[in-house]
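Chemist: Please read through the structure below; I'll follow up with questions.
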Amino acid sequence: MKKHRTTVYLIISLIVTLFASADSGHLFTSDKLSSSLINCICQDKYGYIWVGTDYGLSRFDGYRFTNYHHASEDTTSLVDNTVQDLFVDSKGNLWIGGSKGFMRYDYGNDNFVRYNFVDSAGITPRIYSIIENHQGEILVGTAGYGLHYVKPGTNE
């Protein structure tokens, strides 16, 4: 009976220690992310974990984070820093929807290819949802500007 009490005491002590450490931020390295305001998470075909935040995109390789941000002078950077949705299609492409545009990650060059979703009034809609249909078209849901699609094999 005494051995059983000792085991229960050790388990309770371990749980209390873990909760105390979690509250202090020692178990979660939030300081490595672009932002602690996380909007979406996905895993790509290479095993990377991608985290879309309100201040950029973070890629976790199992050991460290690589952060991507918008740079106004660089057309291969993120279109903006607010990442709303992430999606990996059947071919392994990573698609990124932001508050000011739509992008695809280029694994070979470690940068982003931007897609033009400007309406007739010159407004770029906020991207809220990305999926793939059975024909391989990427469907892009926007905030108040309808549903758009990307034809397979094109940048249109």
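Please note that chains go A, B, ... in the order of the structure tokens, that every chain numbers its residues from 1, and that ligands are numbered from 1 in the order shown.
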May I have the residues within 9 Å of Pro125 in chain A as a ChimeraX atom specification, using only C-alpha atoms and disregarding those fewer than 3 positions away in the same chain?
Modeler: /A:98-101,117-119,142-145
Chemist: Just checking: using only C-alpha atoms, which residue out of A:Asn81, A:Trp50, A:Asn39, A:Trp95 ends up closest to Gly62 in chain A?
Modeler: A:Trp50
Chemist: Go ahead and compute the interatomic distance for CA of His148 in chain A and CA of Arg126 in chain A, in Å to one decimal.
Modeler: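 Going from CA of His148 in chain A over to CA of Arg126 in chain A, I get 12.0 Å.
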Chemist: Write out as a ChimeraX atom specification the set of residues from range 36-107 of chain A that DSSP, computed on the backbone, places in strand (DSSP E or B).
Modeler: /A:38-43,49-53,56-60,65-68,83-88,94-98,101-106
Chemist: Go through A:Asp61, A:Tyr68, A:Tyr115, A:Ile49 and flag the residue nearest Ser35 in chain A, using only C-alpha atoms for the distances.
Modeler: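 Of all the options, A:Tyr68 lies closest to Ser35 in chain A.
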Chemist: Smallest atom-to-atom distance to Phe112 in chain A: which of A:Glu137, A:Asp85, A:Asp44, A:Asp80, using only C-alpha atoms?
Modeler: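 Ranking A:Glu137, A:Asp85, A:Asp44, A:Asp80 by distance to Phe112 in chain A, first place goes to A:Asp80.
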Chemist: How many Å separate CA of Tyr128 in chain A from CA of Thr82 in chain A?
Modeler: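 We find that CA of Tyr128 in chain A and CA of Thr82 in chain A lie 11.2 Å from each other.
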Chemist: Work out how far CA of Ile123 in chain A is from CA of Val88 in chain A, in Å to one decimal.
Modeler: 26.1 Å
Chemist: Rank nothing, just name the residue among A:Gly56, A:Leu86, A:His134, A:Thr66 nearest to Tyr105 in chain A, using only C-alpha atoms.
Modeler: A:Leu86
Chemist: Quick one: everything within 12 Å of Pro152 in chain A, counting only C-alpha atoms, minus sequence neighbours fewer than 3 positions away in the same chain. Send it as a list in words.
Modeler: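 Contacts, with the query itself left out: Asp89, Ser90, Lys91, Asn93, Glu132, Asn133, His134, Gln135, Gly136, Glu137, Ile138, Leu139, Tyr149, Asn155 and Glu156 of chain A.
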Chemist: Using only C-alpha atoms, find the one residue out of A:Asn67, A:Gly146, A:Val83, A:Tyr107 that sits nearest to Leu37 in chain A.
Modeler: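 The closest residue to Leu37 in chain A is A:Val83.
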Chemist: Which residue, A:Ala121, A:Gly97, A:Tyr48, A:Thr76, has the smallest gap to Arg64 in chain A when you use only C-alpha atoms?
Modeler: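 Among the listed residues, A:Tyr48 lies closest to Arg64 in chain A.
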